[in-house]
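Structure file model.pdb (PDB, C-alpha atoms and all ligand atoms) is printed below.
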ATOM      1  CA  MET A   1      -3.079   8.601   3.996  1.00  0.00           C
ATOM      2  CA  ILE A   2      -0.550  10.422   6.130  1.00  0.00           C
ATOM      3  CA  ASP A   3      -0.858  13.645   8.108  1.00  0.00           C
ATOM      4  CA  PHE A   4       2.450  14.415   9.745  1.00  0.00           C
ATOM      5  CA  HIS A   5       1.359  17.537  11.605  1.00  0.00           C
ATOM      6  CA  CYS A   6      -2.197  17.731  12.834  1.00  0.00           C
ATOM      7  CA  HIS A   7      -3.748  19.183  15.989  1.00  0.00           C
ATOM      8  CA  LEU A   8      -6.235  16.382  16.554  1.00  0.00           C
ATOM      9  CA  ASP A   9      -7.086  17.668  20.029  1.00  0.00           C
ATOM     10  CA  LEU A  10      -8.057  21.140  18.764  1.00  0.00           C
ATOM     11  CA  TYR A  11     -10.929  20.143  16.474  1.00  0.00           C
ATOM     12  CA  GLU A  12     -14.381  21.183  17.620  1.00  0.00           C
ATOM     13  CA  ASP A  13     -15.284  17.568  18.360  1.00  0.00           C
ATOM     14  CA  PRO A  14     -11.930  15.867  18.996  1.00  0.00           C
ATOM     15  CA  MET A  15     -13.415  12.538  20.079  1.00  0.00           C
ATOM     16  CA  LYS A  16     -15.209  12.174  16.769  1.00  0.00           C
ATOM     17  CA  VAL A  17     -12.002  12.900  14.821  1.00  0.00           C
ATOM     18  CA  PHE A  18      -9.969  10.630  17.122  1.00  0.00           C
ATOM     19  CA  ASP A  19     -12.342   7.749  16.423  1.00  0.00           C
ATOM     20  CA  GLU A  20     -12.415   8.300  12.690  1.00  0.00           C
ATOM     21  CA  VAL A  21      -8.612   8.475  12.482  1.00  0.00           C
ATOM     22  CA  LYS A  22      -8.432   5.187  14.357  1.00  0.00           C
ATOM     23  CA  GLY A  23     -11.059   3.603  12.114  1.00  0.00           C
ATOM     24  CA  ARG A  24      -9.492   4.803   8.865  1.00  0.00           C
ATOM     25  CA  LYS A  25      -5.988   3.879  10.035  1.00  0.00           C
ATOM     26  CA  THR A  26      -4.701   7.275   8.887  1.00  0.00           C
ATOM     27  CA  GLU A  27      -1.048   7.683   9.843  1.00  0.00           C
ATOM     28  CA  VAL A  28      -1.021  10.813  11.990  1.00  0.00           C
ATOM     29  CA  LEU A  29       1.546  12.741  13.921  1.00  0.00           C
ATOM     30  CA  ALA A  30      -0.736  14.304  16.510  1.00  0.00           C
ATOM     31  CA  VAL A  31       1.180  17.371  17.625  1.00  0.00           C
ATOM     32  CA  THR A  32       0.268  19.049  20.886  1.00  0.00           C
ATOM     33  CA  THR A  33       0.723  22.647  21.996  1.00  0.00           C
ATOM     34  CA  SER A  34       1.514  22.159  25.675  1.00  0.00           C
ATOM     35  CA  PRO A  35       2.936  19.409  27.912  1.00  0.00           C
ATOM     36  CA  ARG A  36      -0.464  19.036  29.617  1.00  0.00           C
ATOM     37  CA  ALA A  37      -2.240  18.514  26.300  1.00  0.00           C
ATOM     38  CA  PHE A  38       0.357  15.861  25.455  1.00  0.00           C
ATOM     39  CA  VAL A  39      -0.545  13.868  28.575  1.00  0.00           C
ATOM     40  CA  LYS A  40      -4.248  13.888  27.706  1.00  0.00           C
ATOM     41  CA  THR A  41      -3.886  13.044  24.011  1.00  0.00           C
ATOM     42  CA  SER A  42      -1.316  10.310  24.734  1.00  0.00           C
ATOM     43  CA  GLN A  43      -3.742   8.579  27.056  1.00  0.00           C
ATOM     44  CA  TYR A  44      -6.304   8.336  24.304  1.00  0.00           C
ATOM     45  CA  PHE A  45      -3.942   6.916  21.693  1.00  0.00           C
ATOM     46  CA  LYS A  46      -2.055   4.562  23.972  1.00  0.00           C
ATOM     47  CA  GLY A  47      -1.201   1.414  22.038  1.00  0.00           C
ATOM     48  CA  SER A  48      -2.243   2.898  18.679  1.00  0.00           C
ATOM     49  CA  ASN A  49      -0.190   1.836  15.668  1.00  0.00           C
ATOM     50  CA  ASN A  50      -1.237   4.635  13.374  1.00  0.00           C
ATOM     51  CA  VAL A  51      -1.251   7.690  15.635  1.00  0.00           C
ATOM     52  CA  ARG A  52       1.956   8.983  17.146  1.00  0.00           C
ATOM     53  CA  VAL A  53       1.496  11.697  19.714  1.00  0.00           C
ATOM     54  CA  ALA A  54       4.161  14.392  19.819  1.00  0.00           C
ATOM     55  CA  LEU A  55       5.161  16.317  22.923  1.00  0.00           C
ATOM     56  CA  GLY A  56       4.769  19.986  22.124  1.00  0.00           C
ATOM     57  CA  PHE A  57       5.184  23.445  23.498  1.00  0.00           C
ATOM     58  CA  HIS A  58       3.913  25.945  20.962  1.00  0.00           C
ATOM     59  CA  PRO A  59       6.338  28.885  20.710  1.00  0.00           C
ATOM     60  CA  GLU A  60       3.472  31.329  21.248  1.00  0.00           C
ATOM     61  CA  LEU A  61       2.761  29.688  24.626  1.00  0.00           C
ATOM     62  CA  VAL A  62       6.308  29.333  25.918  1.00  0.00           C
ATOM     63  CA  LYS A  63       6.327  32.565  27.898  1.00  0.00           C
ATOM     64  CA  GLN A  64       2.851  32.404  29.394  1.00  0.00           C
ATOM     65  CA  ARG A  65       3.083  28.705  30.320  1.00  0.00           C
ATOM     66  CA  PHE A  66       6.610  28.837  31.602  1.00  0.00           C
ATOM     67  CA  SER A  67       5.538  26.832  34.659  1.00  0.00           C
ATOM     68  CA  GLU A  68       5.027  23.749  32.439  1.00  0.00           C
ATOM     69  CA  LYS A  69       8.639  23.798  31.308  1.00  0.00           C
ATOM     70  CA  GLU A  70       9.783  21.290  33.881  1.00  0.00           C
ATOM     71  CA  LEU A  71       6.992  18.913  32.923  1.00  0.00           C
ATOM     72  CA  PHE A  72       8.108  19.224  29.295  1.00  0.00           C
ATOM     73  CA  PHE A  73      11.688  18.174  30.012  1.00  0.00           C
ATOM     74  CA  GLU A  74      10.502  15.360  32.251  1.00  0.00           C
ATOM     75  CA  GLN A  75       8.289  13.975  29.469  1.00  0.00           C
ATOM     76  CA  MET A  76      11.027  14.466  26.922  1.00  0.00           C
ATOM     77  CA  LYS A  77      12.980  11.585  28.413  1.00  0.00           C
ATOM     78  CA  SER A  78      10.509   9.077  27.001  1.00  0.00           C
ATOM     79  CA  ALA A  79       8.812  10.946  24.111  1.00  0.00           C
ATOM     80  CA  ARG A  80      10.242   9.971  20.743  1.00  0.00           C
ATOM     81  CA  PHE A  81       8.246  12.604  18.815  1.00  0.00           C
ATOM     82  CA  LEU A  82       8.364  16.296  19.673  1.00  0.00           C
ATOM     83  CA  GLY A  83       6.173  19.049  18.240  1.00  0.00           C
ATOM     84  CA  GLU A  84       5.059  21.460  17.949  1.00  0.00           C
ATOM     85  CA  ILE A  85       8.159  23.290  18.995  1.00  0.00           C
ATOM     86  CA  GLY A  86      10.085  26.113  17.359  1.00  0.00           C
ATOM     87  CA  ILE A  87      10.153  29.878  17.102  1.00  0.00           C
ATOM     88  CA  ASP A  88       7.407  32.289  16.027  1.00  0.00           C
ATOM     89  CA  GLY A  89       8.607  35.695  14.884  1.00  0.00           C
ATOM     90  CA  SER A  90       5.246  37.010  13.717  1.00  0.00           C
ATOM     91  CA  GLN A  91       4.047  40.307  15.145  1.00  0.00           C
ATOM     92  CA  ARG A  92       1.778  38.735  17.727  1.00  0.00           C
ATOM     93  CA  ALA A  93       4.520  36.573  19.246  1.00  0.00           C
ATOM     94  CA  ARG A  94       7.579  38.687  18.664  1.00  0.00           C
ATOM     95  CA  GLN A  95       7.636  40.168  22.168  1.00  0.00           C
ATOM     96  CA  SER A  96       8.587  36.768  23.582  1.00  0.00           C
ATOM     97  CA  ILE A  97      11.178  35.894  20.949  1.00  0.00           C
ATOM     98  CA  SER A  98      14.156  35.842  23.295  1.00  0.00           C
ATOM     99  CA  GLU A  99      12.399  33.380  25.648  1.00  0.00           C
ATOM    100  CA  GLN A 100      11.369  31.303  22.626  1.00  0.00           C
ATOM    101  CA  ILE A 101      14.915  31.174  21.268  1.00  0.00           C
ATOM    102  CA  GLU A 102      16.323  30.214  24.640  1.00  0.00           C
ATOM    103  CA  PHE A 103      13.745  27.447  25.125  1.00  0.00           C
ATOM    104  CA  PHE A 104      14.122  26.057  21.576  1.00  0.00           C
ATOM    105  CA  ASP A 105      17.890  25.965  21.934  1.00  0.00           C
ATOM    106  CA  GLU A 106      17.571  24.082  25.211  1.00  0.00           C
ATOM    107  CA  VAL A 107      15.122  21.599  23.686  1.00  0.00           C
ATOM    108  CA  LEU A 108      17.426  20.898  20.724  1.00  0.00           C
ATOM    109  CA  HIS A 109      20.416  20.586  22.983  1.00  0.00           C
ATOM    110  CA  THR A 110      18.523  18.060  25.120  1.00  0.00           C
ATOM    111  CA  ALA A 111      17.269  16.194  22.024  1.00  0.00           C
ATOM    112  CA  ALA A 112      20.864  15.966  20.787  1.00  0.00           C
ATOM    113  CA  VAL A 113      21.950  14.496  24.114  1.00  0.00           C
ATOM    114  CA  TYR A 114      19.215  11.815  24.071  1.00  0.00           C
ATOM    115  CA  GLY A 115      19.459  11.070  20.323  1.00  0.00           C
ATOM    116  CA  GLY A 116      16.801   9.402  18.146  1.00  0.00           C
ATOM    117  CA  LYS A 117      14.064  12.041  18.497  1.00  0.00           C
ATOM    118  CA  VAL A 118      11.842  13.219  15.640  1.00  0.00           C
ATOM    119  CA  LEU A 119      10.905  16.913  15.783  1.00  0.00           C
ATOM    120  CA  SER A 120       8.058  18.780  14.075  1.00  0.00           C
ATOM    121  CA  ILE A 121       9.244  22.367  13.928  1.00  0.00           C
ATOM    122  CA  HIS A 122       7.400  25.670  13.594  1.00  0.00           C
ATOM    123  CA  SER A 123       9.369  28.523  12.013  1.00  0.00           C
ATOM    124  CA  ARG A 124       6.831  31.199  11.021  1.00  0.00           C
ATOM    125  CA  GLY A 125       8.591  34.547  10.712  1.00  0.00           C
ATOM    126  CA  ALA A 126      11.744  33.063  12.252  1.00  0.00           C
ATOM    127  CA  VAL A 127      13.277  30.823   9.595  1.00  0.00           C
ATOM    128  CA  LYS A 128      16.782  32.266   9.982  1.00  0.00           C
ATOM    129  CA  GLU A 129      16.731  31.848  13.775  1.00  0.00           C
ATOM    130  CA  VAL A 130      15.433  28.271  13.522  1.00  0.00           C
ATOM    131  CA  LEU A 131      18.031  27.240  10.929  1.00  0.00           C
ATOM    132  CA  GLN A 132      20.789  28.837  12.931  1.00  0.00           C
ATOM    133  CA  ILE A 133      19.910  26.845  16.056  1.00  0.00           C
ATOM    134  CA  LEU A 134      19.430  23.634  14.042  1.00  0.00           C
ATOM    135  CA  GLY A 135      22.915  24.180  12.636  1.00  0.00           C
ATOM    136  CA  LYS A 136      24.331  24.266  16.158  1.00  0.00           C
ATOM    137  CA  HIS A 137      23.029  20.802  16.994  1.00  0.00           C
ATOM    138  CA  GLU A 138      23.213  19.247  13.547  1.00  0.00           C
ATOM    139  CA  GLY A 139      22.595  15.569  12.852  1.00  0.00           C
ATOM    140  CA  LYS A 140      21.565  14.370  16.294  1.00  0.00           C
ATOM    141  CA  TYR A 141      17.834  14.017  15.557  1.00  0.00           C
ATOM    142  CA  VAL A 142      15.446  14.248  12.623  1.00  0.00           C
ATOM    143  CA  ALA A 143      14.091  17.765  12.161  1.00  0.00           C
ATOM    144  CA  VAL A 144      10.898  18.080  10.132  1.00  0.00           C
ATOM    145  CA  LEU A 145      10.137  21.671   9.173  1.00  0.00           C
ATOM    146  CA  HIS A 146       6.397  22.054   9.132  1.00  0.00           C
ATOM    147  CA  TRP A 147       4.701  24.674   6.896  1.00  0.00           C
ATOM    148  CA  PHE A 148       8.070  26.081   5.894  1.00  0.00           C
ATOM    149  CA  THR A 149       7.800  29.659   4.604  1.00  0.00           C
ATOM    150  CA  GLY A 150      11.444  30.525   4.011  1.00  0.00           C
ATOM    151  CA  SER A 151      12.967  31.491   0.678  1.00  0.00           C
ATOM    152  CA  ALA A 152      14.288  29.004  -1.858  1.00  0.00           C
ATOM    153  CA  LYS A 153      17.754  29.668  -0.478  1.00  0.00           C
ATOM    154  CA  ASP A 154      16.587  28.956   3.084  1.00  0.00           C
ATOM    155  CA  ALA A 155      15.022  25.703   1.872  1.00  0.00           C
ATOM    156  CA  GLU A 156      18.307  24.683   0.267  1.00  0.00           C
ATOM    157  CA  LYS A 157      20.142  25.413   3.483  1.00  0.00           C
ATOM    158  CA  ALA A 158      17.628  23.343   5.444  1.00  0.00           C
ATOM    159  CA  VAL A 159      18.082  20.445   3.013  1.00  0.00           C
ATOM    160  CA  GLU A 160      21.846  20.682   3.551  1.00  0.00           C
ATOM    161  CA  LEU A 161      21.264  20.498   7.293  1.00  0.00           C
ATOM    162  CA  GLY A 162      19.431  17.207   6.727  1.00  0.00           C
ATOM    163  CA  CYS A 163      15.940  18.578   7.438  1.00  0.00           C
ATOM    164  CA  TRP A 164      12.731  16.969   6.291  1.00  0.00           C
ATOM    165  CA  PHE A 165       9.587  18.938   5.433  1.00  0.00           C
ATOM    166  CA  SER A 166       5.886  18.472   5.967  1.00  0.00           C
ATOM    167  CA  VAL A 167       3.787  20.153   3.320  1.00  0.00           C
ATOM    168  CA  ASN A 168       0.170  21.257   3.748  1.00  0.00           C
ATOM    169  CA  PRO A 169      -2.596  22.121   1.256  1.00  0.00           C
ATOM    170  CA  ASN A 170      -2.100  25.881   1.671  1.00  0.00           C
ATOM    171  CA  MET A 171       1.462  25.568   0.398  1.00  0.00           C
ATOM    172  CA  CYS A 172       0.232  23.897  -2.784  1.00  0.00           C
ATOM    173  CA  PHE A 173      -1.996  26.859  -3.636  1.00  0.00           C
ATOM    174  CA  THR A 174       0.330  29.844  -3.160  1.00  0.00           C
ATOM    175  CA  ALA A 175       3.178  31.039  -5.358  1.00  0.00           C
ATOM    176  CA  THR A 176       5.613  31.222  -2.426  1.00  0.00           C
ATOM    177  CA  GLY A 177       4.560  27.794  -1.169  1.00  0.00           C
ATOM    178  CA  LYS A 178       5.065  26.262  -4.611  1.00  0.00           C
ATOM    179  CA  LYS A 179       8.498  27.827  -4.867  1.00  0.00           C
ATOM    180  CA  VAL A 180       9.585  26.263  -1.579  1.00  0.00           C
ATOM    181  CA  ILE A 181       8.078  22.907  -2.517  1.00  0.00           C
ATOM    182  CA  GLY A 182      10.139  22.959  -5.710  1.00  0.00           C
ATOM    183  CA  CYS A 183      13.369  23.015  -3.660  1.00  0.00           C
ATOM    184  CA  ILE A 184      12.546  20.023  -1.475  1.00  0.00           C
ATOM    185  CA  PRO A 185      13.689  16.540  -2.497  1.00  0.00           C
ATOM    186  CA  LEU A 186      10.748  14.161  -2.796  1.00  0.00           C
ATOM    187  CA  ASP A 187      12.367  11.683  -0.410  1.00  0.00           C
ATOM    188  CA  ARG A 188      12.417  14.233   2.441  1.00  0.00           C
ATOM    189  CA  MET A 189       8.785  15.170   2.279  1.00  0.00           C
ATOM    190  CA  LEU A 190       5.557  14.174   4.010  1.00  0.00           C
ATOM    191  CA  PRO A 191       2.015  15.534   3.793  1.00  0.00           C
ATOM    192  CA  GLU A 192       0.466  17.422   6.701  1.00  0.00           C
ATOM    193  CA  THR A 193      -2.689  19.436   7.240  1.00  0.00           C
ATOM    194  CA  ASP A 194      -1.886  21.558  10.334  1.00  0.00           C
ATOM    195  CA  ALA A 195      -5.646  21.344  10.793  1.00  0.00           C
ATOM    196  CA  PRO A 196      -7.838  22.646  12.203  1.00  0.00           C
ATOM    197  CA  PHE A 197      -5.792  25.782  11.381  1.00  0.00           C
ATOM    198  CA  THR A 198      -6.005  25.152   7.642  1.00  0.00           C
ATOM    199  CA  GLN A 199      -9.415  25.185   6.067  1.00  0.00           C
ATOM    200  CA  LYS A 200     -11.146  24.843   2.775  1.00  0.00           C
ATOM    201  CA  ASP A 201     -14.230  27.036   2.325  1.00  0.00           C
ATOM    202  CA  GLY A 202     -14.353  27.572   6.092  1.00  0.00           C
ATOM    203  CA  VAL A 203     -14.219  23.849   6.902  1.00  0.00           C
ATOM    204  CA  PRO A 204     -11.049  22.439   8.498  1.00  0.00           C
ATOM    205  CA  TYR A 205      -9.094  19.872   6.502  1.00  0.00           C
ATOM    206  CA  MET A 206      -9.259  16.363   7.893  1.00  0.00           C
ATOM    207  CA  PRO A 207      -6.182  14.163   8.477  1.00  0.00           C
ATOM    208  CA  TRP A 208      -7.215  11.805   5.676  1.00  0.00           C
ATOM    209  CA  ASP A 209      -7.436  14.657   3.158  1.00  0.00           C
ATOM    210  CA  THR A 210      -5.809  13.868  -0.204  1.00  0.00           C
ATOM    211  CA  THR A 211      -5.075  17.409  -1.474  1.00  0.00           C
ATOM    212  CA  VAL A 212      -1.292  17.295  -0.979  1.00  0.00           C
ATOM    213  CA  THR A 213      -0.928  13.748  -2.262  1.00  0.00           C
ATOM    214  CA  SER A 214      -2.996  14.592  -5.356  1.00  0.00           C
ATOM    215  CA  TYR A 215      -0.921  17.706  -5.975  1.00  0.00           C
ATOM    216  CA  PHE A 216       2.364  15.782  -5.954  1.00  0.00           C
ATOM    217  CA  ALA A 217       0.906  12.909  -7.975  1.00  0.00           C
ATOM    218  CA  LYS A 218       0.008  15.408 -10.694  1.00  0.00           C
ATOM    219  CA  GLU A 219       3.354  17.231 -10.450  1.00  0.00           C
ATOM    220  CA  ASN A 220       5.233  13.956 -10.878  1.00  0.00           C
ATOM    221  CA  SER A 221       2.843  12.460 -13.445  1.00  0.00           C
ATOM    222  CA  ILE A 222       2.093   9.395 -11.345  1.00  0.00           C
ATOM    223  CA  GLY A 223      -1.112   7.968  -9.888  1.00  0.00           C
ATOM    224  CA  ILE A 224      -2.361   9.075  -6.477  1.00  0.00           C
ATOM    225  CA  ASP A 225      -1.950   5.531  -5.081  1.00  0.00           C
ATOM    226  CA  ASP A 226       1.689   5.458  -6.173  1.00  0.00           C
ATOM    227  CA  MET A 227       2.255   8.862  -4.616  1.00  0.00           C
ATOM    228  CA  ASN A 228       0.628   7.718  -1.393  1.00  0.00           C
ATOM    229  CA  GLU A 229       2.886   4.669  -1.394  1.00  0.00           C
ATOM    230  CA  LEU A 230       5.944   6.858  -1.886  1.00  0.00           C
ATOM    231  CA  PHE A 231       4.943   8.991   1.115  1.00  0.00           C
ATOM    232  CA  HIS A 232       4.449   5.818   3.175  1.00  0.00           C
ATOM    233  CA  ARG A 233       7.951   4.670   2.246  1.00  0.00           C
ATOM    234  CA  ASN A 234       9.254   8.104   3.323  1.00  0.00           C
ATOM    235  CA  LEU A 235       7.430   7.777   6.636  1.00  0.00           C
ATOM    236  CA  GLN A 236       8.947   4.353   7.204  1.00  0.00           C
ATOM    237  CA  ALA A 237      12.430   5.678   6.387  1.00  0.00           C
ATOM    238  CA  LEU A 238      11.966   8.591   8.766  1.00  0.00           C
ATOM    239  CA  ILE A 239      10.728   6.384  11.584  1.00  0.00           C
ATOM    240  CA  ASN A 240      13.577   3.917  11.059  1.00  0.00           C
ATOM    241  CA  THR A 241      16.152   6.705  11.362  1.00  0.00           C
ATOM    242  CA  LYS A 242      18.129   6.134  14.509  1.00  0.00           C
TER     243      LYS A 242
HETATM  244 ZN    ZN A 301       0.699  23.336  14.054  1.00  0.00          ZN
END

How does this structure look as structure tokens?
Ligand SMILES: [Zn+2]
Amino acid sequence: MIDFHCHLDLYEDPMKVFDEVKGRKTEVLAVTTSPRAFVKTSQYFKGSNNVRVALGFHPELVKQRFSEKELFFEQMKSARFLGEIGIDGSQRARQSISEQIEFFDEVLHTAAVYGGKVLSIHSRGAVKEVLQILGKHEGKYVAVLHWFTGSAKDAEKAVELGCWFSVNPNMCFTATGKKVIGCIPLDRMLPETDAPFTQKDGVPYMPWDTTVTSYFAKENSIGIDDMNELFHRNLQALINTK
């Protein structure tokens, strides 16, 4: 199974989840929310073939943890995967939107200079802003829009910009989520959980969860193993992108 956006370090018992992910060989993009968290999680998964740790700076934390900005750009030199990064325009985070936009723009500019980075991007309540900045630095990295909540038109624009998408179980159960999913080409899509923030009956999804894969298997009238294989081919294609 694949989980291309999971906060492994934020589960109640991270060590237990870490070990199980290793044991099950689940392919995980372990996103982090601050440069310090990236250092810690990277140490644990050093040498792992199935867990890639992404350097993140959650948009909601950008203003309050401004002092870690330098550390972020230092680590960015060697980190191939970035996330979670992006812009959050929801009510709670809106007061820092100008700092978020400035930081995100600088990160994308830097990613474009280095080349070859893979980015897991947060765009809650700020889809237009995110797409606008992506458009400025088009084609210099792979942008994966995680839990995309834009309109069908926004999704089409993102596809035109070359974006990929990671889809979580919540998106498969809501009318708006399904609408977005319908606009995404199957070869630009990967499953995610965004756990522990997504839950089923009060219990966080686990990285090896099959909900998204089952949903797409049913939608495309193929078996779950075939669907899983297709997602693995997508992952390989994404990783091989230069
Ligand atoms: Zn997340």

Residues near stretch 36-49 of chain A, anyone? I mean within 10 Å using all atoms listed in the file, not counting same-chain ones fewer than 4 positions away, as a list in words.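 Final neighbour list, sorted by chain and number: Leu8, Asp9, Leu10, Pro14, Met15, Phe18, Asp19, Lys22, Lys25, Thr26, Glu27, Val28, Ala30, Val31, Thr32, Val53, Ala54, Leu55, Gly56, Phe57, Glu68, Leu71, Phe72, Gln75, Ala79, Leu82 and Gly83 of chain A.
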
For A:Ile181, the nearest of the candidates A:Ser166, A:Thr193, A:Thr211, A:Gln64, counting all atoms listed in the file: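 Between A:Ser166, A:Thr193, A:Thr211, A:Gln64, the residue approaching A:Ile181 most closely is A:Ser166.
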
Grab the atom CA of A:Leu29 to atom CA of A:Arg52 distance for me, in Å with one decimal place. 5.0 Å

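Using all atoms listed in the file, the nearest neighbour of A:Asp209 within the list A:His58, A:Arg65, A:Lys16, A:Arg24 is A:Arg24.
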
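Where the distance criterion is 8 Å and the atoms used are all atoms listed in the file, the residues close to ligand ZN 301 (chain A) are A:His5, A:Cys6, A:His7, A:Val31, A:Thr33, A:Glu84, A:His122, A:His146, A:Asp194, A:Ala195, A:Phe197.
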
Enter the distance from atom CA of A:Lys63 to atom CA of A:Met171, in Å, rounded to one decimal. 28.8 Å

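As for atom CA of A:Glu106 and atom CA of A:Ser90, they are spaced 21.2 Å apart.
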
Which residue out of A:Trp147, A:Glu70, A:Val107, A:Val51 has the minimum interatomic distance to A:Val17 when all atoms listed in the file are used? A:Val51

With distances taken over all atoms listed in the file, which of A:Val142, A:Ile85, A:Met1, A:Cys163 is nearest to A:Asn228?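 For A:Asn228, the nearest of the candidates is A:Met1.
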
Please expand the PyMOL selection byres (((chain A and resi 124-130) around 12) and not hetatm) into the concrete residues it hits in this file, giving the result as a compact mmCIF listing (two decimals) with C-alpha atoms, keeping the file's coordinate frame.
# COMPACT_ATOMS: atom_id res chain seq x y z
CA HIS A 58 3.91 25.94 20.96
CA PRO A 59 6.34 28.88 20.71
CA GLU A 60 3.47 31.33 21.25
CA ILE A 85 8.16 23.29 19.00
CA GLY A 86 10.09 26.11 17.36
CA ILE A 87 10.15 29.88 17.10
CA ASP A 88 7.41 32.29 16.03
CA GLY A 89 8.61 35.70 14.88
CA SER A 90 5.25 37.01 13.72
CA GLN A 91 4.05 40.31 15.14
CA ARG A 92 1.78 38.74 17.73
CA ALA A 93 4.52 36.57 19.25
CA ARG A 94 7.58 38.69 18.66
CA ILE A 97 11.18 35.89 20.95
CA SER A 98 14.16 35.84 23.30
CA GLN A 100 11.37 31.30 22.63
CA ILE A 101 14.92 31.17 21.27
CA GLU A 102 16.32 30.21 24.64
CA PHE A 103 13.74 27.45 25.12
CA PHE A 104 14.12 26.06 21.58
CA ASP A 105 17.89 25.96 21.93
CA LEU A 108 17.43 20.90 20.72
CA ILE A 121 9.24 22.37 13.93
CA HIS A 122 7.40 25.67 13.59
CA SER A 123 9.37 28.52 12.01
CA LEU A 131 18.03 27.24 10.93
CA GLN A 132 20.79 28.84 12.93
CA ILE A 133 19.91 26.84 16.06
CA LEU A 134 19.43 23.63 14.04
CA GLY A 135 22.92 24.18 12.64
CA LYS A 136 24.33 24.27 16.16
CA HIS A 137 23.03 20.80 16.99
CA GLU A 138 23.21 19.25 13.55
CA ALA A 143 14.09 17.76 12.16
CA VAL A 144 10.90 18.08 10.13
CA LEU A 145 10.14 21.67 9.17
CA HIS A 146 6.40 22.05 9.13
CA TRP A 147 4.70 24.67 6.90
CA PHE A 148 8.07 26.08 5.89
CA THR A 149 7.80 29.66 4.60
CA GLY A 150 11.44 30.52 4.01
CA SER A 151 12.97 31.49 0.68
CA ALA A 152 14.29 29.00 -1.86
CA LYS A 153 17.75 29.67 -0.48
CA ASP A 154 16.59 28.96 3.08
CA ALA A 155 15.02 25.70 1.87
CA LYS A 157 20.14 25.41 3.48
CA ALA A 158 17.63 23.34 5.44
CA LEU A 161 21.26 20.50 7.29
CA CYS A 163 15.94 18.58 7.44

Which residue out of A:Gly223, A:Thr198, A:Gly139, A:Phe81 has the minimum interatomic distance to A:His109 when only C-alpha atoms are used?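 Under the stated criterion, the closest residue is A:Gly139.
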
Can you spell out as a PyMOL selection string the set of residues that the PyMOL selection byres (((chain A and resi 234) around 10) and not hetatm) selects in the structure I just provided? chain A and resi 164+186-190+228-233+235-240

Selection result of the PyMOL selection byres (((chain A and resi 214) around 12) and not hetatm) on this file, as an mmCIF file with C-alpha atoms, keeping the file's coordinate frame:
data_model
loop_
_atom_site.group_PDB
_atom_site.id
_atom_site.type_symbol
_atom_site.label_atom_id
_atom_site.label_comp_id
_atom_site.auth_asym_id
_atom_site.auth_seq_id
_atom_site.Cartn_x
_atom_site.Cartn_y
_atom_site.Cartn_z
ATOM 1 C CA MET A 1 -3.079 8.601 3.996
ATOM 2 C CA ASN A 168 0.170 21.257 3.748
ATOM 3 C CA PRO A 169 -2.596 22.121 1.256
ATOM 4 C CA CYS A 172 0.232 23.897 -2.784
ATOM 5 C CA PRO A 191 2.015 15.534 3.793
ATOM 6 C CA ASP A 209 -7.436 14.657 3.158
ATOM 7 C CA THR A 210 -5.809 13.868 -0.204
ATOM 8 C CA THR A 211 -5.075 17.409 -1.474
ATOM 9 C CA VAL A 212 -1.292 17.295 -0.979
ATOM 10 C CA THR A 213 -0.928 13.748 -2.262
ATOM 11 C CA TYR A 215 -0.921 17.706 -5.975
ATOM 12 C CA PHE A 216 2.364 15.782 -5.954
ATOM 13 C CA ALA A 217 0.906 12.909 -7.975
ATOM 14 C CA LYS A 218 0.008 15.408 -10.694
ATOM 15 C CA GLU A 219 3.354 17.231 -10.450
ATOM 16 C CA ASN A 220 5.233 13.956 -10.878
ATOM 17 C CA SER A 221 2.843 12.460 -13.445
ATOM 18 C CA ILE A 222 2.093 9.395 -11.345
ATOM 19 C CA GLY A 223 -1.112 7.968 -9.888
ATOM 20 C CA ILE A 224 -2.361 9.075 -6.477
ATOM 21 C CA ASP A 225 -1.950 5.531 -5.081
ATOM 22 C CA ASP A 226 1.689 5.458 -6.173
ATOM 23 C CA MET A 227 2.255 8.862 -4.616
ATOM 24 C CA ASN A 228 0.628 7.718 -1.393
ATOM 25 C CA PHE A 231 4.943 8.991 1.115
#

Quick one: axis-aligned box around all listed atoms of stretch 12-21 of chain A, 4 Å on every side, centre and edge lengths in Å to one decimal, written as JSON.
{"center_x": -11.9, "center_y": 14.5, "center_z": 16.3, "size_x": 14.7, "size_y": 21.4, "size_z": 15.6}

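Using only C-alpha atoms, the nearest neighbour of A:Phe73 within the list A:Met206, A:Glu20, A:Gly162, A:Tyr114 is A:Tyr114.
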